[in-house]
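*Asks:* Please see the structure below; I have some questions.
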Amino acid sequence: MRITPPDTGAVPDCCRKGLYSCLLPAGLFALLCLAWPRVVNGDVFTVQWAWVPSLDLNLALRLDGLSLLFGLIITMTGFFVTIYASSYMAGHPQNGRFFVFLHAFMIAMLGIVFADNLLLMFICWEATTMLSFLLIGFDHEKSDARENARQALLVTGAGGLFLLMGILLLKSAGFSMTLSVLSESADVIQNHALYPAIFICFMVGAMTKSGQVPFHFWLPNAMSAPTPISAFLHAATMVKAGIYLLMRLHPVMGGTPLWMSTLVLVGGATALWGAIQALGPCDLKRILAHTTLMALGILTLFLGGQTVLSLTAATTFLMVHALYKAALFLAVGSIDHQTGTRDLNDLGGLATRMPLTALAVAGATLSMAGFPLFFGFIGKEIMYAGALAEDMFPLFAAGITLSANALMTAVAAIILLTPFAGTLPAHLKNTCETPWTMRIGPAFMGLIGVVFGIMPEWVSENLIQPAVFAFHPDREEIRLFLFHGINLPLVLSIITLTSGAVIYRQKIRLRRGIRFLTDHLWVTMPGLYQSGLTRFLTTAATVTRILQNGSLTTYMSVIVFTLVVLTGSVWLPHVADIASIPAVTGPYIAMGLFVFVLGAAAVVVTARHRLAAIGGLGGVGGGVALIFLVFGAPDIALTQLLVETLTLIFVSLILLRLPPMEPIVKPGATFQARTLRNAILSISAGLLVFTLVSGVVSTPLDRSLTAFFETHSYVSAHGRNIVNVILVDFRSLDTLGEICVIVLAAWAGVHLIRRPFGQRKAP
Amino acid sequence: MEHLLALTVGILFSGALFLMLSGELVRFVFGFVLMGNAVNLLIFAAGRLSFVGPPLIGKTGTVPATPVANALPQALILTAIVISFAMTLFLLILLYRTYAQTRTLNTRQADFLSESPGDDSDSDTPEKDHS
């Protein structure tokens with residue numbers, strides 16, 4: 001396992017490089033802070049460069065309240081994750097590659113949230129898919145990391161294709177590709193005939209990316225990435241991309257019954273299933289991964305609402321979740337790094353050994369559970385208010401939120417109490433605190449949870465309201481307060497905390513029950529994915545075996561058949577045009593030559609012995625040469641005769657070393673289906689060629705090229721044999737190519753003869 | 001006359017394809033040579049047949065004095081003849097090599113197919129899994 005440095009303060013030299021790279025997210029964060037006050041005032045920054053204007057693809061970037069909130073979360077998390085990783089990944093042989101991937105991932109995610117052009121957003125979207133594949137499979141020597149990386153790539157990549165389809169449908173319906181323009185035509189889009197199709201495409205894209213049921217299974221598996229990556233991926237990037245997309249589309253497509261019911265039901269199912277499953281595992285990281293599912297489900301659920309209240313709830317919870325989830329993932333990574341285990345059964349009493357990490361986890365989990373004075377409490381209050389204000393299924397939404405929150409409270413208690421409270425097991429006696437680089441991130445983000453919890457008015461004014469205004473037309477002000485008075489949300493909060501405590505006390509029994517349930521499900525999505533993948537691969541293998549079976553006859557048959565059918569289907573309707581074949585005029589000797597050539601060809605085709613076939617070939621070659629001679633082409637007649645002689649000599653030489661031919665029709669067999677099929681194929685191909693050539697010669701001939709050669713042959717090239725002049729002068733490059741073919745054929749032939757015969761493969 | 005030549009070309013094509021489809025490699029080569037001839041005649045027909053003199057310029061003039069045969073297809077056919085000769089030769093050597101290696105020239109025999117390139121699927125390296 002990893003080596004734990006004994007001292008707590010010093011940073012080893014080898015991780016300096018990683019540490020310096022935190023300047024990139026820090027700088028971006030600072031830039032965003034510069035723009036922050038003006039964005040709060042309602043300013044919107046835009047830049048635009050034309051990229052591919054014909055495709056409506058422009059490098060259009062836009063910074064409004066929502067982009068700012070996401071940008072701040074991404075860069076802040078990126079900053080702390082980089083600092084953390086500089087120690088966590090220290091000594092890893094692919095350290096440099098890790099930081100390049102990490103920062104590229106961050107930039108791609110920033111591209112998604114700043115893009116104002118849908119196609120540009122899609123490009124960044126796909127970039128995060130690719131980079132997450134590289135990061136999840138970063139430990140590529142482990143087979144499960146490779147497997148999980150592939151799963152994430154396939155699921156989110158397929159979703160990306162749906163997103164692209166949605167964008168193209170939107171474009172084909174005649175709408176703009178620019179997001180900020182799109183929301184002005186919301187009414188037209190929602191009444192368009194293509195609206196359901198467009199909505200489903202965008203929805204599948206968002207659902208796969210954000211791990212919504214039924215595409216949720218890749219997300220818990222993605223934790224085979226190194227822990228800093230998991231923290232980044234779960235808290236700020238990748239899975240939040242789907243949520244961001246839904247937020248951006250809300251003013252464009254939101255508010256219809258289809259939108260509201262889909263989002264509320266899908267989100268509710270994801271939230272409940274994620275929260276229930278979080279109680280099952282003993283691996284701390286896996287527990288956290290399931291709680292992310294719950295959070296994403298809740299966010300989707302609230303985005304289904306139409307009121308400012310429910311959208312404010314979603315935005316607030318987004319911040320709450322980003323803060324506590326990043327802190328918890330990093331802290332779990334610290335526990336793993338220092339003790340070598342993440343199993344709840346092996347951990348306990350670490351509070352004395354890792355005091356600052358324990359404090360950070362306490363801050364984060366109390367926020368997660370929603371205790372008063374923490375930011376999570378504010379989030380929970382507004383969530384209940386928002387759920388009750390949903391337009392569709394408010395009671396369902398409130399019930400889901402209540403049960404998911406109660407389960408989250410119990411999970412928060414498990415994460416805090418099991419590793420840190422109780423007695424210290426003997427094998428953890430030598431555990432010590434992490435270096436400062438690994439403490440600062442969790443501690444700072446845990447602290448923000450408290451600060452924001454105490455001053456919610458500032459947060460709502462400077463972060464949440466500008467963000468909500470960016471994607472909701474109504475400028476209704478929702479202010480967050482520490483204490484809203486005794487009302488229904490407060491009562492629900494108290495119920496949540498109490499039932500969370502009850503669940504926590506029953507955790508062992510519940511864990512057993514949930515494991516039993518998940519082990520005995522009839523149909524599971526991972527199972528469907530696995531069997532679907534296997535079936536896909538076997539189908540591909542079968543198709544390849546059929547199409548690429550190594551048989552020359554099959555390949556030839558397919559090629560000839562395709563030629564006949566495709567060309568024939570286009571050409572046959574025009575055959576009637578050449579129906580009137582003119583009467584034959586001309587030298588009758590030529591007709592005799594045609595008959596001679598055909599007779600010789602018949603000898604070749606029907607020959608039983610090689611000698612007869614060779615003789616037939618000679619007859620065909622000679623006949624063709626005579627045809628050339630009759631029609632004024634003595635040059636090619638000469639060449640043809642020469643080449644024909646040489647060919648026959650070579651054929652005879654080689655055939656001397658080969659066995660005799662087998663008869664086409666086996667002796668004794670009267671009828672062979674294969675021979676018949678070959679005959680039909682070749683005769684129809686021959687017919688096609690005949691009609692095509694007839695068609696060609698029925699059209700008038702354009703002699704302008706020939707006329708050019710005739711007039712310039714002597715004047716420009718000083719040659720009296722026009723054919724020779726064309727070959728060596730006008731088209732001399734063709735002749736060079738021809739010579740190259742001969743040289744290559746000769747070279748390859750010599751090597752084929754001289755190369756020693758290799759060993760045949762052992763059976 | 002061109003239409004008759006077109007018919008000849010079509011029949012030659014049929015014969016050539018029938019031989020190439022037979023699955024026996026010696027016949028394949030015969031079919032290949034036949035098809036080379038058929039294609040040359042096809043180009044020739046496309047340039048039209050004319051019962052006139054060859055495309056030559058007399059000693060006195062700078063252009064042909066009387067109508068001559070179409071020179072362009074002749075140049076193309078000259079190139080085509082030479083290339084099909086090179087390909088035929090290469091095919092013959094390939095045939096020789098194939099027989100030396102597999103001891104059969106019938107593509108349908110199992111022995112012949114066992115040399116097909118789809119055979120090397122068992123080259124996966126064992127998993128290197130160390131945590």
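Labels for the structure tokens follow display order: chains A, B, ..., residues from 1 in each chain, ligands from 1.
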Enumerate the residues of segment 595-736 of chain A with a DSSP assignment of helix (DSSP H, G or I), computed from the backbone, and present them as JSON, numbers by chain.
*Replies:* {"A": [595, 596, 597, 598, 599, 600, 601, 602, 603, 604, 605, 606, 610, 611, 612, 613, 614, 615, 616, 617, 618, 619, 620, 621, 622, 623, 624, 625, 626, 627, 628, 629, 630, 634, 635, 636, 637, 638, 639, 640, 641, 642, 643, 644, 645, 646, 647, 648, 649, 650, 651, 652, 653, 654, 655, 673, 674, 675, 676, 677, 678, 679, 680, 681, 682, 683, 684, 685, 686, 687, 688, 689, 690, 691, 692, 693, 694, 695, 696, 697, 698, 704, 705, 706, 707, 708, 709, 710, 711, 712, 713, 714, 715, 716, 717, 722, 723, 724, 725, 726, 727, 728, 729, 730, 732, 733, 734, 735, 736]}
*Asks:* Just the residues within 7 Å of segment 210-220 of chain A, please, counting only C-alpha atoms, with nothing from its chain fewer than 2 positions along; format it as a PyMOL selection string.
*Replies:* chain A and resi 151-152+206-208+222-223+239-243+266-267+269-270+286+289-290+293+296-297+525-526
*Asks:* Can those selected residues be exported to a file as a PDB file, in the first residue's frame so that it contains N, CA and C atoms?
*Replies:*
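Heads up, here's the output in again-v1.pdb:
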ATOM      1  N   GLN A 151     -17.674   1.373 -18.659  1.00  0.00           N
ATOM      2  CA  GLN A 151     -19.106   1.503 -18.379  1.00  0.00           C
ATOM      3  C   GLN A 151     -19.523   2.978 -18.385  1.00  0.00           C
ATOM      4  N   ALA A 152     -18.720   3.796 -17.682  1.00  0.00           N
ATOM      5  CA  ALA A 152     -19.055   5.226 -17.650  1.00  0.00           C
ATOM      6  C   ALA A 152     -19.029   5.811 -19.046  1.00  0.00           C
ATOM      7  N   ALA A 206     -29.246  14.357 -20.119  1.00  0.00           N
ATOM      8  CA  ALA A 206     -29.049  14.825 -18.739  1.00  0.00           C
ATOM      9  C   ALA A 206     -29.114  13.663 -17.758  1.00  0.00           C
ATOM     10  N   MET A 207     -30.026  12.713 -18.008  1.00  0.00           N
ATOM     11  CA  MET A 207     -30.200  11.606 -17.059  1.00  0.00           C
ATOM     12  C   MET A 207     -28.975  10.705 -17.023  1.00  0.00           C
ATOM     13  N   THR A 208     -28.381  10.414 -18.194  1.00  0.00           N
ATOM     14  CA  THR A 208     -27.198   9.555 -18.177  1.00  0.00           C
ATOM     15  C   THR A 208     -26.046  10.264 -17.491  1.00  0.00           C
ATOM     16  N   ALA A 222     -17.993   4.512 -10.691  1.00  0.00           N
ATOM     17  CA  ALA A 222     -16.965   5.466 -11.098  1.00  0.00           C
ATOM     18  C   ALA A 222     -16.025   5.795  -9.960  1.00  0.00           C
ATOM     19  N   MET A 223     -16.315   5.302  -8.742  1.00  0.00           N
ATOM     20  CA  MET A 223     -15.424   5.621  -7.630  1.00  0.00           C
ATOM     21  C   MET A 223     -14.141   4.811  -7.695  1.00  0.00           C
ATOM     22  N   VAL A 239     -21.204  14.964 -13.095  1.00  0.00           N
ATOM     23  CA  VAL A 239     -22.595  14.651 -12.775  1.00  0.00           C
ATOM     24  C   VAL A 239     -23.422  15.917 -12.644  1.00  0.00           C
ATOM     25  N   LYS A 240     -22.750  17.048 -12.331  1.00  0.00           N
ATOM     26  CA  LYS A 240     -23.500  18.295 -12.241  1.00  0.00           C
ATOM     27  C   LYS A 240     -23.800  18.863 -13.622  1.00  0.00           C
ATOM     28  N   ALA A 241     -23.134  18.302 -14.639  1.00  0.00           N
ATOM     29  CA  ALA A 241     -23.371  18.816 -15.993  1.00  0.00           C
ATOM     30  C   ALA A 241     -24.818  18.585 -16.403  1.00  0.00           C
ATOM     31  N   GLY A 242     -25.347  17.403 -16.060  1.00  0.00           N
ATOM     32  CA  GLY A 242     -26.736  17.119 -16.407  1.00  0.00           C
ATOM     33  C   GLY A 242     -27.686  18.071 -15.700  1.00  0.00           C
ATOM     34  N   ILE A 243     -27.403  18.336 -14.415  1.00  0.00           N
ATOM     35  CA  ILE A 243     -28.234  19.262 -13.644  1.00  0.00           C
ATOM     36  C   ILE A 243     -28.173  20.657 -14.275  1.00  0.00           C
ATOM     37  N   VAL A 266     -38.770  10.855 -12.076  1.00  0.00           N
ATOM     38  CA  VAL A 266     -37.415  10.308 -12.224  1.00  0.00           C
ATOM     39  C   VAL A 266     -36.550  10.745 -11.048  1.00  0.00           C
ATOM     40  N   GLY A 267     -36.591  12.030 -10.734  1.00  0.00           N
ATOM     41  CA  GLY A 267     -35.791  12.532  -9.628  1.00  0.00           C
ATOM     42  C   GLY A 267     -36.173  11.873  -8.313  1.00  0.00           C
ATOM     43  N   ALA A 269     -37.548   8.900  -7.817  1.00  0.00           N
ATOM     44  CA  ALA A 269     -37.090   7.516  -7.792  1.00  0.00           C
ATOM     45  C   ALA A 269     -35.587   7.448  -7.530  1.00  0.00           C
ATOM     46  N   THR A 270     -34.823   8.321  -8.196  1.00  0.00           N
ATOM     47  CA  THR A 270     -33.372   8.312  -8.001  1.00  0.00           C
ATOM     48  C   THR A 270     -33.016   8.654  -6.564  1.00  0.00           C
ATOM     49  N   ARG A 286     -18.112   4.048  -1.210  1.00  0.00           N
ATOM     50  CA  ARG A 286     -19.312   3.599  -1.906  1.00  0.00           C
ATOM     51  C   ARG A 286     -20.563   4.235  -1.278  1.00  0.00           C
ATOM     52  N   ALA A 289     -20.811   7.602  -2.654  1.00  0.00           N
ATOM     53  CA  ALA A 289     -21.246   7.593  -4.052  1.00  0.00           C
ATOM     54  C   ALA A 289     -22.760   7.458  -4.130  1.00  0.00           C
ATOM     55  N   HIS A 290     -23.342   6.622  -3.256  1.00  0.00           N
ATOM     56  CA  HIS A 290     -24.797   6.477  -3.295  1.00  0.00           C
ATOM     57  C   HIS A 290     -25.507   7.741  -2.812  1.00  0.00           C
ATOM     58  N   LEU A 293     -26.109  10.015  -5.619  1.00  0.00           N
ATOM     59  CA  LEU A 293     -27.307   9.691  -6.394  1.00  0.00           C
ATOM     60  C   LEU A 293     -28.527  10.352  -5.774  1.00  0.00           C
ATOM     61  N   LEU A 296     -28.503  14.062  -6.514  1.00  0.00           N
ATOM     62  CA  LEU A 296     -28.848  14.372  -7.902  1.00  0.00           C
ATOM     63  C   LEU A 296     -30.333  14.175  -8.141  1.00  0.00           C
ATOM     64  N   GLY A 297     -30.889  13.137  -7.496  1.00  0.00           N
ATOM     65  CA  GLY A 297     -32.321  12.909  -7.625  1.00  0.00           C
ATOM     66  C   GLY A 297     -33.127  14.069  -7.068  1.00  0.00           C
ATOM     67  N   MET A 525     -30.371  -2.889 -13.190  1.00  0.00           N
ATOM     68  CA  MET A 525     -29.823  -2.184 -14.347  1.00  0.00           C
ATOM     69  C   MET A 525     -28.402  -2.625 -14.663  1.00  0.00           C
ATOM     70  N   PRO A 526     -27.523  -2.823 -13.653  1.00  0.00           N
ATOM     71  CA  PRO A 526     -26.185  -3.325 -13.999  1.00  0.00           C
ATOM     72  C   PRO A 526     -26.264  -4.668 -14.718  1.00  0.00           C
TER      73      PRO A 526
END
*Asks:* Distance atom CA of Arg27 of chain B-atom CA of Thr544 of chain A, one decimal place?
*Replies:* 27.7 Å
*Asks:* Considering only C-alpha atoms, can you say which of A:Ser732, A:Ser180, A:Gln640, A:Thr711 comes closest to Asn40 of chain B?
*Replies:*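 Checking each candidate against Asn40 of chain B, we get A:Gln640 as the closest.
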*Asks:* Would you mind listing what lies within 8 Å of Val63 of chain B as number ranges by chain, with only C-alpha atoms counted and same-chain residues fewer than 3 positions away left out?
*Replies:* A: 710-714; B: 57-58
*Asks:* Those residues with C-alpha atoms, as a CSV table (one decimal), in the first residue's frame please?
*Replies:*
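The resulting file, out14.csv, is reproduced below:
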chain,number,residue,atom,x,y,z
A,710,GLU,CA,-4.1,15.3,-82.9
A,711,THR,CA,-3.5,19.0,-83.4
A,712,HIS,CA,-0.7,19.4,-80.7
A,713,SER,CA,1.0,16.1,-81.2
A,714,TYR,CA,3.5,17.3,-83.7
B,57,ILE,CA,0.8,12.0,-88.7
B,58,GLY,CA,2.2,11.9,-92.2
*Asks:* So which residues touch segment 52-65 of chain A within 9 Å, counting only C-alpha atoms, skipping near sequence neighbours fewer than 6 positions away, as number ranges by chain?
*Replies:* A: 35-36, 39-40, 42-46, 111, 113-120, 176-178, 180, 463-471
*Asks:* Write a file of the just-selected residues containing N, CA and C atoms, as an mmCIF file, in the first residue's frame.
*Replies:*
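Saved file part38.cif follows:
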data_model
loop_
_atom_site.group_PDB
_atom_site.id
_atom_site.type_symbol
_atom_site.label_atom_id
_atom_site.label_comp_id
_atom_site.auth_asym_id
_atom_site.auth_seq_id
_atom_site.Cartn_x
_atom_site.Cartn_y
_atom_site.Cartn_z
ATOM 1 N N ALA A 35 -15.406 39.444 -11.545
ATOM 2 C CA ALA A 35 -16.659 39.698 -12.256
ATOM 3 C C ALA A 35 -17.864 39.608 -11.332
ATOM 4 N N TRP A 36 -17.670 39.015 -10.159
ATOM 5 C CA TRP A 36 -18.774 38.682 -9.264
ATOM 6 C C TRP A 36 -19.676 39.876 -8.935
ATOM 7 N N VAL A 39 -21.938 40.863 -11.755
ATOM 8 C CA VAL A 39 -22.961 39.856 -12.074
ATOM 9 C C VAL A 39 -24.101 39.950 -11.065
ATOM 10 N N VAL A 40 -23.747 40.202 -9.800
ATOM 11 C CA VAL A 40 -24.797 40.337 -8.786
ATOM 12 C C VAL A 40 -25.710 41.512 -9.129
ATOM 13 N N GLY A 42 -26.608 42.273 -11.933
ATOM 14 C CA GLY A 42 -27.445 41.927 -13.073
ATOM 15 C C GLY A 42 -26.745 42.049 -14.408
ATOM 16 N N ASP A 43 -25.438 42.351 -14.396
ATOM 17 C CA ASP A 43 -24.717 42.428 -15.671
ATOM 18 C C ASP A 43 -24.478 41.034 -16.219
ATOM 19 N N VAL A 44 -24.396 40.943 -17.549
ATOM 20 C CA VAL A 44 -24.073 39.678 -18.196
ATOM 21 C C VAL A 44 -22.895 39.920 -19.118
ATOM 22 N N PHE A 45 -21.835 39.131 -18.954
ATOM 23 C CA PHE A 45 -20.654 39.260 -19.813
ATOM 24 C C PHE A 45 -20.789 38.283 -20.975
ATOM 25 N N THR A 46 -20.585 38.771 -22.193
ATOM 26 C CA THR A 46 -20.603 37.846 -23.329
ATOM 27 C C THR A 46 -19.423 38.140 -24.241
ATOM 28 N N GLY A 111 -16.150 24.933 -19.668
ATOM 29 C CA GLY A 111 -16.664 25.179 -21.012
ATOM 30 C C GLY A 111 -18.153 24.919 -21.088
ATOM 31 N N VAL A 113 -20.373 25.204 -18.683
ATOM 32 C CA VAL A 113 -21.198 26.178 -17.982
ATOM 33 C C VAL A 113 -21.079 27.585 -18.565
ATOM 34 N N PHE A 114 -20.001 27.856 -19.334
ATOM 35 C CA PHE A 114 -19.889 29.186 -19.922
ATOM 36 C C PHE A 114 -20.393 29.236 -21.362
ATOM 37 N N ALA A 115 -20.589 28.063 -21.987
ATOM 38 C CA ALA A 115 -20.969 28.059 -23.395
ATOM 39 C C ALA A 115 -22.369 28.631 -23.561
ATOM 40 N N ASP A 116 -22.516 29.473 -24.589
ATOM 41 C CA ASP A 116 -23.842 30.008 -24.885
ATOM 42 C C ASP A 116 -24.378 29.361 -26.155
ATOM 43 N N ASN A 117 -23.523 28.606 -26.820
ATOM 44 C CA ASN A 117 -23.920 27.931 -28.048
ATOM 45 C C ASN A 117 -24.101 26.444 -27.727
ATOM 46 N N LEU A 118 -25.219 25.886 -28.132
ATOM 47 C CA LEU A 118 -25.513 24.507 -27.751
ATOM 48 C C LEU A 118 -24.481 23.529 -28.297
ATOM 49 N N LEU A 119 -24.007 23.769 -29.544
ATOM 50 C CA LEU A 119 -23.027 22.841 -30.103
ATOM 51 C C LEU A 119 -21.701 22.925 -29.362
ATOM 52 N N LEU A 120 -21.322 24.142 -28.995
ATOM 53 C CA LEU A 120 -20.093 24.314 -28.217
ATOM 54 C C LEU A 120 -20.225 23.592 -26.880
ATOM 55 N N SER A 176 -32.812 28.653 -32.909
ATOM 56 C CA SER A 176 -31.434 29.109 -32.799
ATOM 57 C C SER A 176 -30.623 28.107 -31.993
ATOM 58 N N MET A 177 -29.283 28.168 -32.167
ATOM 59 C CA MET A 177 -28.399 27.325 -31.373
ATOM 60 C C MET A 177 -27.918 28.072 -30.142
ATOM 61 N N THR A 178 -28.281 29.328 -30.039
ATOM 62 C CA THR A 178 -27.786 30.144 -28.932
ATOM 63 C C THR A 178 -28.770 30.074 -27.769
ATOM 64 N N SER A 180 -29.160 31.811 -25.011
ATOM 65 C CA SER A 180 -29.809 33.002 -24.472
ATOM 66 C C SER A 180 -30.902 33.512 -25.408
ATOM 67 N N LEU A 463 -25.235 34.896 -4.192
ATOM 68 C CA LEU A 463 -24.984 33.705 -5.002
ATOM 69 C C LEU A 463 -26.263 33.096 -5.553
ATOM 70 N N ILE A 464 -27.235 32.866 -4.657
ATOM 71 C CA ILE A 464 -28.365 32.048 -5.074
ATOM 72 C C ILE A 464 -29.337 32.847 -5.926
ATOM 73 N N GLN A 465 -29.662 34.065 -5.471
ATOM 74 C CA GLN A 465 -30.634 34.842 -6.250
ATOM 75 C C GLN A 465 -30.155 35.175 -7.656
ATOM 76 N N PRO A 466 -28.885 35.635 -7.818
ATOM 77 C CA PRO A 466 -28.441 35.881 -9.203
ATOM 78 C C PRO A 466 -28.521 34.623 -10.062
ATOM 79 N N ALA A 467 -28.231 33.481 -9.449
ATOM 80 C CA ALA A 467 -28.273 32.233 -10.225
ATOM 81 C C ALA A 467 -29.696 31.898 -10.634
ATOM 82 N N VAL A 468 -30.641 32.009 -9.680
ATOM 83 C CA VAL A 468 -32.026 31.663 -9.998
ATOM 84 C C VAL A 468 -32.600 32.636 -11.015
ATOM 85 N N PHE A 469 -32.255 33.921 -10.878
ATOM 86 C CA PHE A 469 -32.769 34.904 -11.825
ATOM 87 C C PHE A 469 -32.311 34.593 -13.236
ATOM 88 N N ALA A 470 -31.130 33.959 -13.340
ATOM 89 C CA ALA A 470 -30.594 33.684 -14.665
ATOM 90 C C ALA A 470 -31.425 32.652 -15.402
ATOM 91 N N PHE A 471 -32.147 31.816 -14.690
ATOM 92 C CA PHE A 471 -32.943 30.824 -15.419
ATOM 93 C C PHE A 471 -34.404 30.812 -14.994
#
*Asks:* Find the residues near Thr88 of chain B: any atom within 9 Å, counting only C-alpha atoms, skip ones fewer than 3 places away on the same chain, and give them as a ChimeraX atom specification.
*Replies:* /A:647,651 /B:29,32-33,83-85,91-93
*Asks:* Please determine, counting only C-alpha atoms, which residue among A:Ile649, A:Val689, A:Ala540, A:Ala707 has the shortest atom-to-atom distance to chain B.
*Replies:*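 Checking each of A:Ile649, A:Val689, A:Ala540, A:Ala707 against chain B, counting only C-alpha atoms, the winner is A:Val689.
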*Asks:* What's around Thr437 of chain A at 8 Å? Count only C-alpha atoms, leave out sequence neighbours fewer than 6 positions away in its own chain, and write the answer as a PyMOL selection string.
*Replies:* chain A and resi 11+83-84+86-87
*Asks:* Would you pick out the contacts of Val52 of chain B at 9 Å or less, using only C-alpha atoms, so that residues sharing its chain but fewer than 6 positions from it are not included, and give the list as an MDAnalysis selection string?
*Replies:* (chainID A and resid 630:632) or (chainID B and resid 66:69)
*Asks:* Find the residue from B:Gly36, B:Phe30, B:Thr102, B:Ala16 that sits nearest to Thr79 of chain B; use only C-alpha atoms when measuring.
*Replies:*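 Answer, going by the shortest atom-to-atom distance: B:Gly36.
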*Asks:* With only C-alpha atoms as the basis for distance, which of B:Ala6, B:Leu94, B:Leu41, B:Met20 is at the shortest distance from Ile77 of chain B?
*Replies:* B:Leu41
*Asks:* Considering only C-alpha atoms, state which residue in the set A:Leu727, A:Ala412, A:Leu688, A:Ala576 is at the smallest distance from Ala71 of chain B.
*Replies:*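 Nearest to Ala71 of chain B: A:Leu727.
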*Asks:* For a quick check of understanding, using only C-alpha atoms, which of A:Glu126, A:Asp139, A:Glu390, A:Glu477 has the smallest distance to chain B?
*Replies:*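 Of all the options, A:Asp139 lies closest to chain B.
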